[in-house]
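Engineer: I am sharing run_1.cif, which consists of mmCIF, C-alpha atoms (C1' of nucleotides):
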```
data_coords
#
loop_
_atom_site.label_atom_id
_atom_site.label_comp_id
_atom_site.auth_asym_id
_atom_site.auth_seq_id
_atom_site.Cartn_x
_atom_site.Cartn_y
_atom_site.Cartn_z
CA MET H 1 -45.31 23.98 -27.61
CA LYS H 2 -42.59 21.48 -28.51
CA VAL H 3 -43.66 17.82 -28.47
CA ALA H 4 -41.19 14.96 -28.98
CA THR H 5 -41.19 11.16 -29.07
CA TRP H 6 -38.28 8.86 -28.27
CA ASN H 7 -37.91 5.11 -27.87
CA VAL H 8 -35.15 5.06 -25.25
CA ASN H 9 -34.59 1.27 -24.93
CA SER H 10 -34.58 1.27 -21.08
CA ILE H 11 -35.05 4.50 -19.13
CA LYS H 12 -32.56 3.40 -16.47
CA ALA H 13 -29.77 2.59 -18.93
CA ARG H 14 -30.54 5.81 -20.83
CA LEU H 15 -31.12 8.24 -17.95
CA PRO H 16 -28.09 10.53 -18.53
CA ASN H 17 -28.79 10.65 -22.29
CA VAL H 18 -32.46 11.52 -21.75
CA LEU H 19 -31.78 14.17 -19.10
CA ASP H 20 -29.07 15.73 -21.29
CA TRP H 21 -31.44 15.90 -24.25
CA LEU H 22 -34.21 17.45 -22.15
CA ARG H 23 -31.80 20.18 -21.05
CA GLU H 24 -30.52 20.81 -24.57
CA ALA H 25 -33.68 20.47 -26.67
CA ALA H 26 -36.07 21.68 -23.95
CA PRO H 27 -39.28 20.04 -25.23
CA ASP H 28 -42.48 20.80 -23.34
CA ILE H 29 -43.65 17.22 -23.74
CA LEU H 30 -41.54 14.09 -24.32
CA LEU H 31 -43.26 10.80 -25.12
CA LEU H 32 -41.13 7.82 -24.12
CA GLN H 33 -41.28 4.18 -25.21
CA GLU H 34 -39.50 0.99 -24.09
CA THR H 35 -38.88 2.25 -20.58
CA LYS H 36 -38.45 -1.40 -19.50
CA THR H 37 -39.34 -0.91 -15.87
CA ILE H 38 -42.36 -1.31 -13.63
CA THR H 39 -44.30 1.90 -13.02
CA GLU H 40 -43.09 2.22 -9.40
CA ASP H 41 -39.41 2.01 -10.35
CA PHE H 42 -39.39 4.79 -12.96
CA PRO H 43 -36.69 7.35 -11.96
CA TYR H 44 -39.23 10.14 -11.33
CA LEU H 45 -37.09 12.29 -9.03
CA GLU H 46 -34.31 12.79 -11.56
CA PHE H 47 -36.85 14.40 -13.89
CA VAL H 48 -38.40 16.52 -11.14
CA ASP H 49 -34.92 17.85 -10.36
CA ILE H 50 -34.73 19.46 -13.81
CA GLY H 51 -38.28 20.79 -13.86
CA TYR H 52 -40.28 17.97 -15.43
CA THR H 53 -43.06 15.72 -14.16
CA VAL H 54 -43.71 12.16 -15.35
CA ALA H 55 -46.71 9.91 -15.90
CA ALA H 56 -45.53 6.34 -16.47
CA HIS H 57 -47.14 3.04 -17.40
CA GLY H 58 -44.72 0.16 -17.17
CA GLN H 59 -44.24 -3.55 -16.63
CA LYS H 60 -41.36 -5.84 -15.74
CA SER H 61 -38.51 -6.19 -18.28
CA TYR H 62 -40.37 -5.28 -21.46
CA ASN H 63 -42.29 -2.48 -23.12
CA GLY H 64 -43.31 0.47 -20.94
CA VAL H 65 -44.37 4.01 -21.94
CA ALA H 66 -44.31 7.40 -20.26
CA ILE H 67 -45.17 11.06 -20.72
CA VAL H 68 -42.71 13.69 -19.50
CA SER H 69 -43.69 17.36 -19.35
CA ASN H 70 -42.84 20.71 -17.81
CA ARG H 71 -46.60 21.27 -17.44
CA PRO H 72 -49.19 19.36 -15.37
CA ILE H 73 -50.17 15.96 -16.78
CA GLU H 74 -53.70 14.62 -16.42
CA VAL H 75 -53.68 10.93 -17.34
CA VAL H 76 -56.70 9.84 -19.39
CA ALA H 77 -55.85 6.18 -20.07
CA THR H 78 -53.17 3.59 -19.31
CA GLY H 79 -53.29 0.67 -21.71
CA LEU H 80 -54.90 0.84 -25.15
CA PRO H 81 -58.70 0.50 -24.81
CA GLY H 82 -60.48 -2.38 -26.51
CA ASP H 83 -58.99 -5.52 -24.91
CA ASP H 84 -59.06 -6.00 -21.14
CA ASP H 85 -56.90 -9.12 -21.48
CA ASP H 86 -53.98 -7.20 -23.03
CA GLU H 87 -51.45 -6.70 -20.23
CA GLN H 88 -48.62 -5.25 -22.33
CA ALA H 89 -47.73 -1.68 -21.32
CA ARG H 90 -47.76 0.00 -24.73
CA TYR H 91 -50.10 2.99 -24.41
CA ILE H 92 -50.59 5.98 -22.17
CA GLU H 93 -52.82 8.95 -22.98
CA ALA H 94 -53.02 12.27 -21.17
CA TRP H 95 -54.24 15.82 -21.30
CA VAL H 96 -51.41 18.37 -21.07
CA ASP H 97 -52.14 22.12 -21.19
CA GLY H 98 -54.94 21.90 -23.75
CA VAL H 99 -53.35 19.17 -25.86
CA ARG H 100 -54.26 15.49 -25.83
CA VAL H 101 -51.17 13.32 -26.24
CA ALA H 102 -50.55 9.58 -26.37
CA SER H 103 -47.27 7.71 -26.09
CA ILE H 104 -47.50 4.63 -28.28
CA TYR H 105 -45.27 1.56 -28.43
CA LEU H 106 -46.74 -0.46 -31.25
CA PRO H 107 -45.88 -4.18 -31.32
CA ASN H 108 -42.99 -5.21 -33.58
CA GLY H 109 -44.89 -8.15 -35.10
CA ASN H 110 -42.00 -10.38 -36.13
CA PRO H 111 -41.87 -13.13 -37.14
CA VAL H 112 -44.79 -12.67 -39.53
CA ASP H 113 -45.75 -16.34 -39.50
CA SER H 114 -46.35 -16.22 -35.76
CA GLU H 115 -49.02 -15.07 -33.33
CA LYS H 116 -47.01 -11.87 -32.88
CA PHE H 117 -47.97 -10.53 -36.31
CA TYR H 118 -51.67 -11.08 -35.60
CA TYR H 119 -51.23 -9.33 -32.27
CA LYS H 120 -49.64 -6.38 -34.07
CA LEU H 121 -52.48 -6.05 -36.60
CA ALA H 122 -55.17 -6.47 -33.91
CA TRP H 123 -53.42 -3.82 -31.81
CA MET H 124 -53.37 -1.46 -34.81
CA GLU H 125 -57.11 -1.98 -35.33
CA ARG H 126 -57.71 -1.02 -31.70
CA LEU H 127 -55.51 2.05 -32.18
CA PHE H 128 -57.57 2.94 -35.26
CA LEU H 129 -60.79 2.74 -33.22
CA ARG H 130 -59.34 4.92 -30.45
CA ALA H 131 -57.98 7.44 -32.98
CA ARG H 132 -61.39 7.63 -34.66
CA GLU H 133 -63.21 8.06 -31.37
CA LEU H 134 -60.94 10.95 -30.41
CA LEU H 135 -61.57 12.91 -33.62
CA ALA H 136 -65.21 13.63 -32.68
CA ASN H 137 -64.20 16.23 -30.10
CA GLU H 138 -62.12 18.27 -32.59
CA GLU H 139 -59.20 18.55 -30.17
CA VAL H 140 -55.53 19.28 -30.64
CA ILE H 141 -54.16 15.72 -30.50
CA VAL H 142 -50.67 14.30 -30.92
CA LEU H 143 -50.42 10.51 -31.18
CA GLY H 144 -46.67 9.97 -30.97
CA GLY H 145 -44.46 6.97 -30.60
CA ASP H 146 -42.65 3.99 -32.00
CA TYR H 147 -45.15 2.72 -34.56
CA ASN H 148 -42.87 -0.08 -35.78
CA VAL H 149 -44.11 0.69 -39.30
CA CYS H 150 -42.11 2.09 -42.22
CA PRO H 151 -44.90 3.90 -44.10
CA THR H 152 -43.23 3.59 -47.52
CA ASP H 153 -40.13 2.11 -49.15
CA GLY H 154 -38.66 5.63 -49.00
CA ASP H 155 -38.50 5.20 -45.23
CA VAL H 156 -36.22 2.14 -45.48
CA TYR H 157 -32.50 2.03 -46.37
CA ASP H 158 -32.84 -1.24 -48.30
CA PRO H 159 -36.49 -1.91 -49.17
CA ASP H 160 -35.78 -5.20 -50.93
CA SER H 161 -34.19 -6.82 -47.89
CA TRP H 162 -37.03 -5.56 -45.64
CA GLN H 163 -39.87 -6.51 -47.97
CA GLY H 164 -41.22 -9.41 -45.90
CA ASP H 165 -40.57 -7.88 -42.49
CA ALA H 166 -43.48 -7.03 -40.19
CA LEU H 167 -42.37 -3.36 -40.25
CA CYS H 168 -42.79 -3.15 -44.01
CA ARG H 169 -45.47 -5.70 -44.80
CA PRO H 170 -48.40 -4.38 -46.87
CA GLU H 171 -50.78 -5.34 -44.04
CA SER H 172 -48.83 -3.18 -41.57
CA ARG H 173 -48.65 -0.26 -43.98
CA ALA H 174 -52.36 -0.49 -44.79
CA ALA H 175 -53.25 -0.54 -41.09
CA TYR H 176 -51.06 2.55 -40.59
CA ARG H 177 -52.66 4.33 -43.57
CA LYS H 178 -56.10 3.47 -42.22
CA ILE H 179 -55.33 5.79 -39.30
CA ILE H 180 -53.89 8.43 -41.65
CA HIS H 181 -57.04 8.26 -43.77
CA LEU H 182 -59.14 9.21 -40.77
CA GLY H 183 -57.52 12.62 -41.11
CA TYR H 184 -54.31 12.35 -39.09
CA THR H 185 -51.15 13.97 -40.43
CA ASP H 186 -47.62 12.52 -40.35
CA ALA H 187 -46.00 15.71 -39.06
CA PHE H 188 -42.55 14.90 -40.45
CA ARG H 189 -43.74 14.57 -44.05
CA VAL H 190 -45.41 18.01 -43.99
CA PHE H 191 -41.94 19.56 -44.10
CA HIS H 192 -39.74 16.77 -45.46
CA GLY H 193 -40.41 15.16 -48.81
CA GLU H 194 -36.90 13.81 -49.07
CA LEU H 195 -36.37 10.08 -48.76
CA GLY H 196 -33.81 8.34 -46.60
CA ARG H 197 -34.55 10.13 -43.35
CA TYR H 198 -34.52 7.73 -40.43
CA SER H 199 -35.33 7.57 -36.72
CA TYR H 200 -33.85 4.13 -35.96
CA TRP H 201 -30.53 2.41 -36.70
CA ASP H 202 -29.74 -1.14 -35.56
CA TYR H 203 -26.91 -1.60 -33.08
CA GLN H 204 -25.45 -4.34 -35.26
CA GLY H 205 -23.41 -4.34 -38.43
CA GLY H 206 -22.36 -0.70 -38.29
CA ALA H 207 -25.86 0.37 -39.26
CA TRP H 208 -25.46 3.83 -37.72
CA HIS H 209 -22.18 4.63 -39.47
CA GLN H 210 -23.51 3.46 -42.83
CA ASP H 211 -26.82 5.26 -42.30
CA ASN H 212 -28.71 1.98 -42.67
CA GLY H 213 -31.85 3.15 -40.91
CA LEU H 214 -35.62 3.05 -40.79
CA ARG H 215 -38.22 5.76 -40.15
CA ILE H 216 -40.60 4.10 -37.70
CA ASP H 217 -41.12 6.78 -35.03
CA HIS H 218 -43.97 9.11 -35.90
CA LEU H 219 -45.99 12.07 -34.66
CA LEU H 220 -49.57 11.80 -35.93
CA LEU H 221 -51.60 14.99 -35.62
CA SER H 222 -55.35 15.58 -35.53
CA PRO H 223 -56.61 18.23 -38.00
CA GLN H 224 -56.75 20.80 -35.19
CA ALA H 225 -53.13 20.02 -34.26
CA ALA H 226 -52.02 20.09 -37.90
CA ASP H 227 -53.54 23.59 -38.21
CA ARG H 228 -51.02 24.72 -35.61
CA LEU H 229 -48.02 22.74 -36.83
CA GLU H 230 -45.01 25.03 -37.14
CA THR H 231 -42.11 22.64 -37.75
CA CYS H 232 -41.05 19.02 -37.35
CA ASP H 233 -37.72 17.23 -37.54
CA ILE H 234 -35.63 14.26 -36.50
CA ASP H 235 -32.78 15.03 -34.11
CA LYS H 236 -29.99 12.61 -35.03
CA LYS H 237 -27.50 13.87 -32.45
CA PRO H 238 -28.54 11.59 -29.55
CA ARG H 239 -27.99 8.49 -31.72
CA GLY H 240 -24.30 9.36 -32.14
CA LYS H 241 -23.55 9.71 -28.43
CA PRO H 242 -22.06 7.10 -26.07
CA LYS H 243 -24.55 4.59 -24.66
CA ALA H 244 -27.13 5.70 -27.23
CA SER H 245 -30.57 4.21 -27.76
CA ASP H 246 -31.03 2.63 -31.18
CA HIS H 247 -33.78 5.22 -31.79
CA THR H 248 -33.42 9.01 -31.89
CA PRO H 249 -36.00 11.70 -31.00
CA VAL H 250 -38.57 13.04 -33.45
CA TRP H 251 -40.05 16.40 -32.46
CA CYS H 252 -42.55 18.98 -33.66
CA SER H 253 -43.55 22.49 -32.69
CA ILE H 254 -47.24 23.36 -32.26
CA LEU H 255 -48.37 26.99 -32.13
CA GLU H 256 -50.37 27.95 -29.05
CA LYS H 257 -53.10 29.24 -31.37
CA PRO H 258 -53.81 28.39 -35.02
CA ASP H 259 -52.31 30.72 -37.61
CA PHE H 260 -54.81 31.45 -40.38
CA GLY H 261 -52.33 33.67 -42.20
CA GLY H 262 -53.53 36.96 -43.67
CA TRP H 263 -57.13 35.86 -44.05
CA THR H 264 -58.53 37.71 -41.04
CA SER H 265 -56.89 40.98 -42.05
CA VAL H 266 -57.98 40.54 -45.68
CA ALA H 267 -61.52 39.88 -44.53
CA GLY H 268 -61.33 42.92 -42.28
CA ASN H 269 -60.20 45.11 -45.18
CA ALA H 270 -62.95 43.84 -47.43
CA LYS H 271 -65.55 44.56 -44.80
CA SER H 272 -64.28 48.13 -44.29
CA LYS H 273 -64.57 49.01 -47.99
"C1'" DA F 1 -11.54 -2.36 -43.26
"C1'" DT F 2 -8.37 -1.44 -38.77
"C1'" DG F 3 -14.93 -0.78 -35.86
"C1'" DA F 4 -19.07 -2.94 -35.01
"C1'" DC F 5 -25.19 -4.86 -30.48
"C1'" DT F 6 -27.70 -3.94 -26.16
"C1'" DC F 7 -31.12 -4.44 -22.86
"C1'" DG F 8 -33.13 -7.04 -18.28
"C1'" DC F 9 -32.87 -11.01 -15.77
"C1'" DA F 10 -33.00 -14.79 -9.41
"C1'" DA F 11 -28.54 -13.83 -15.09
"C1'" DC F 12 -22.50 -16.14 -15.81
"C1'" DG F 13 -26.35 -17.38 -21.34
"C1'" DC F 14 -30.85 -16.36 -22.90
"C1'" DG F 15 -34.88 -14.06 -25.21
"C1'" DA F 16 -36.24 -9.93 -27.38
"C1'" DG F 17 -35.64 -6.08 -30.08
"C1'" DA F 18 -36.36 -4.40 -35.47
#
```
For the structure just supplied, provide its representation as structure tokens.
Structural biologist:
Amino acid sequence: MKVATWNVNSIKARLPNVLDWLREAAPDILLLQETKTITEDFPYLEFVDIGYTVAAHGQKSYNGVAIVSNRPIEVVATGLPGDDDDEQARYIEAWVDGVRVASIYLPNGNPVDSEKFYYKLAWMERLFLRARELLANEEVIVLGGDYNVCPTDGDVYDPDSWQGDALCRPESRAAYRKIIHLGYTDAFRVFHGELGRYSYWDYQGGAWHQDNGLRIDHLLLSPQAADRLETCDIDKKPRGKPKASDHTPVWCSILEKPDFGGWTSVAGNAKSK
DNA sequence: ATGACTCGCAACGCGAGA
């Protein structure tokens, strides 16, 4: 099963790009962020036409998340639990063919001397609580999305200039690691130790052409999902196309059943002796 | 260098993004 995440920066402006990528990359599940439309106005039919169904959670003008899949989607939650007053559409969670997935659009948090940074950190604490709650059931879980956190300086093209930014602040990184420390795995880093791999490039200042990027889009896997992790990568191609989003998809492949290597056959041989 | 932001919105400039 191929699971991807992509901040599309408006699903309506990006519709041809997203449909093209679905046809080319053929993920089984695509987690979308920044759809920027109310739930009712999501372009559902265009996805149905190419064999996908959609569960969306949106609001007017800003934010908005969705789950796209070629398999039935059973929505578990719209909106991140833990604050009934939070009306921002940044979280949708669903059960898809034996896998629990969430599409996450974590608040940016800038400027750091404003209420927005506190909102970001409070939101991350709520995400931590939800992530912890989910672990108890020992499920295959993929928490994917735009985390708006660069986990380390190696995920930033110019760490010095980003030092005080909400995406790189120690508080943001610690809140991110708090979720990792529960036992979630950053799927990309399982296969890629190299630095300077990015999922976002600003529209301004020729950032894309100079490879001035950030790695802020992540796929976090529960232990049971990590057991099945086959591969993970960032697909840079969509960022180079006309009318591109400023983010590009990150995807991983999850085996249908865990692969415990040769252990079962070794155990079988030992038993037969 | 020969190129340099892009969305939605009761919009014709603004706020937000990261």
Engineer: Got a sec to resolve the PyMOL selection byres ((chain F) within 10 of (chain H)) on this structure and send the residues as a PyMOL selection string?
Structural biologist: chain F and resi 3-9+16-18
Engineer: Taking the file as shown, find all residues satisfying the PyMOL selection byres ((chain H and resi 4) around 7) and write them as a list in words.
Structural biologist: Lys2, Val3, Thr5, Trp6, Pro27, Ile29, Leu30, Leu31, Pro249, Val250, Trp251 and Cys252 of chain H
Engineer: Those residues you just picked out, can you put them in a file as a PDB file, keeping the file's coordinate frame with C-alpha atoms?
Structural biologist:
```
ATOM      1  CA  LYS H   2     -42.590  21.480 -28.510  1.00  0.00           C
ATOM      2  CA  VAL H   3     -43.660  17.820 -28.470  1.00  0.00           C
ATOM      3  CA  THR H   5     -41.190  11.160 -29.070  1.00  0.00           C
ATOM      4  CA  TRP H   6     -38.280   8.860 -28.270  1.00  0.00           C
ATOM      5  CA  PRO H  27     -39.280  20.040 -25.230  1.00  0.00           C
ATOM      6  CA  ILE H  29     -43.650  17.220 -23.740  1.00  0.00           C
ATOM      7  CA  LEU H  30     -41.540  14.090 -24.320  1.00  0.00           C
ATOM      8  CA  LEU H  31     -43.260  10.800 -25.120  1.00  0.00           C
ATOM      9  CA  PRO H 249     -36.000  11.700 -31.000  1.00  0.00           C
ATOM     10  CA  VAL H 250     -38.570  13.040 -33.450  1.00  0.00           C
ATOM     11  CA  TRP H 251     -40.050  16.400 -32.460  1.00  0.00           C
ATOM     12  CA  CYS H 252     -42.550  18.980 -33.660  1.00  0.00           C
TER      13      CYS H 252
END
```
Engineer: Work out how far CA of Ser253 (chain H) is from CA of Glu230 (chain H), in Å to one decimal.
Structural biologist: 5.3 Å
Engineer: Evaluate the PyMOL selection byres ((chain H and resi 63) around 10) here and jot the selected residues down as a ChimeraX atom specification.
Structural biologist: /H:7,9-10,33-38,57-62,64-65,88-91,105-107
Engineer: Could the centre and edge lengths of an axis-aligned box, enclosing all atoms of region 99-102 of chain H in the file with 6 Å extra on each side, be given in Å to one decimal as JSON?
Structural biologist:
```
{"center_x": -52.4, "center_y": 14.4, "center_z": -26.1, "size_x": 15.7, "size_y": 21.6, "size_z": 12.5}
```
Engineer: What is the CA of Tyr52 (chain H)-CA of Val68 (chain H) distance in Å, reported with one decimal?
Structural biologist: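 Result for CA of Tyr52 (chain H) versus CA of Val68 (chain H): 6.4 Å, one decimal.
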Engineer: Tell me, in Å to one decimal, how far CA of Tyr147 (chain H) is from CA of Leu121 (chain H).
Structural biologist: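 So the answer is 11.6 Å.
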Engineer: With distances taken over only C-alpha atoms, which residue among H:Gly196, H:Glu74, H:Ser172, H:Asp217 lies nearest Tyr118 (chain H)?
Structural biologist: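 Smallest distance to Tyr118 (chain H) is found for H:Ser172.
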Engineer: Give me the residues within 10 Å of Lys257 (chain H) as a list of chain:residue names, counting all atoms listed in the file and dropping any in the same chain fewer than 3 places off.
Structural biologist: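 Using all atoms listed in the file, the neighbours found are H:Gln224, H:Ala225, H:Asp227, H:Arg228, H:Leu229, H:Ile254, H:Phe260.
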